[in-house]
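First comes the structure, then the notes that go with it.
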Amino acid sequence: MSKCLIANISKEMIHDLKLDYSYLSDQDLHTKMKDLVLQSNQEETEMSLSNSFVYMFDYEEDKMNEITDSLKSKGINAIFIASTPHNLSWTLKDLLDEVMQEHHLFQAKNRLKELLQKKVQISQNENKKQIEKILMEAFIIYQGSDVNAMEEMIKRLENL
């Protein structure tokens, strides 16, 4: 029984995918994912999330790619999550907390990577020693998972 749990995406956007789906709401935050997969709520609701969200339960990789590609092609910048035996035992809130933490980490890493690439080009011409030292620090921070350190380094690099 494959199913999607959806937040902040309109029915029109998912209609052509012919999915079994349920909408999530804020009242579901303390419910375990395995229980949410079993319930049926096709009434379009919104959650107090800043992002759209799609949790894909028991889908083959090809179908997950089809869902992801279709929604992205419609301009939906959702967070897509595949179910795992591990995350099925989590509450929706715990899953969202974990996913949002990872989402912020990846956003910071992407921004830091962009700045590193840009500043490496600049370092060929201007104040080479100082910039190379900062770039080395930035690269070390990039390898880690400390979002706060990444955000501080992003500010330093933007001010170079």
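Following the order of the structure tokens, first chain is A, next is B, and so on, with residues numbered from 1 inside each chain and ligands from 1 in the order they appear.
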Give me the residues within 12 Å of His103 of chain A as a ChimeraX atom specification, counting only C-alpha atoms and dropping any in the same chain fewer than 3 places off. /A:51,53,78-81,95-100,106-110,145,147
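Shortest atom-to-atom contact with Ala7 of chain A among A:Met47, A:Leu105, A:Ala149, A:Ala82: A:Met47, counting only C-alpha atoms.
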Residue set, segment 54-141 of chain A restricted to strand (DSSP E), as a compact mmCIF listing (two decimals) with N, CA and C atoms, in the first residue's frame:
# COMPACT_ATOMS: atom_id res chain seq x y z
N VAL A 54 6.45 16.34 1.34
CA VAL A 54 5.91 15.10 0.80
C VAL A 54 6.66 13.93 1.44
N TYR A 55 5.91 13.08 2.13
CA TYR A 55 6.46 11.87 2.74
C TYR A 55 5.97 10.70 1.90
N MET A 56 6.89 9.96 1.30
CA MET A 56 6.53 8.89 0.38
C MET A 56 6.74 7.54 1.07
N PHE A 57 5.62 6.83 1.25
CA PHE A 57 5.64 5.54 1.93
C PHE A 57 5.50 4.40 0.93
N ALA A 78 9.39 21.55 -2.60
CA ALA A 78 9.01 20.80 -1.40
C ALA A 78 10.20 20.06 -0.82
N ILE A 79 10.03 19.65 0.41
CA ILE A 79 10.97 18.73 1.04
C ILE A 79 10.40 17.34 0.82
N PHE A 80 11.17 16.47 0.18
CA PHE A 80 10.72 15.12 -0.15
C PHE A 80 11.43 14.13 0.78
N ILE A 81 10.65 13.24 1.37
CA ILE A 81 11.22 12.27 2.29
C ILE A 81 10.67 10.90 1.95
N ALA A 82 11.56 9.92 1.90
CA ALA A 82 11.15 8.53 1.72
C ALA A 82 11.03 7.89 3.10
One decimal, Å: what's the distance from atom CA of Asp20 of chain A over to atom CA of Lys3 of chain A, could you say? 5.0 Å
Just the residues within 9 Å of segment 33-41 of chain A, please, counting only C-alpha atoms, with nothing from its chain fewer than 4 positions along; format it as a compact mmCIF listing (two decimals) with C-alpha atoms, in the first residue's frame.
# COMPACT_ATOMS: atom_id res chain seq x y z
CA SER A 2 1.96 2.99 -1.27
CA LYS A 3 0.91 6.39 0.01
CA CYS A 4 2.02 10.01 0.19
CA LEU A 5 1.55 12.26 3.19
CA TYR A 21 -2.49 10.43 -0.33
CA SER A 22 -3.49 12.12 2.90
CA TYR A 23 -3.06 15.70 3.97
CA LEU A 24 -1.20 16.45 7.17
CA ASP A 28 -0.84 15.35 13.47
CA PHE A 57 5.64 5.54 1.93
CA SER A 83 9.87 6.36 4.52
CA ASN A 87 11.45 7.01 10.65
CA LEU A 88 8.08 5.20 10.65
CA SER A 89 8.37 4.99 14.44
CA TRP A 90 8.96 8.76 14.80
CA THR A 91 6.27 11.33 15.40
CA LEU A 92 5.66 13.81 12.61
CA LEU A 95 10.64 13.78 11.64
Check the DSSP output for the backbone and give back, as a PyMOL selection string, the residues of segment 18-141 of chain A in helix (DSSP H, G or I). chain A and resi 26-28+33-38+61-73+87-89+92-122+128-141
Between atom CA of Asp26 of chain A and atom CA of Glu46 of chain A, measure the distance and give it in Å to one decimal. 8.0 Å
Using only C-alpha atoms, which of A:Lys93, A:Glu60, A:Arg111, A:Ser10 sits nearest Ser48 of chain A? A:Lys93
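Candidate residues A:Thr84, A:Leu116, A:Gln101, A:Ile131 were compared for distance to Asn148 of chain A, and the nearest is A:Gln101, using only C-alpha atoms.
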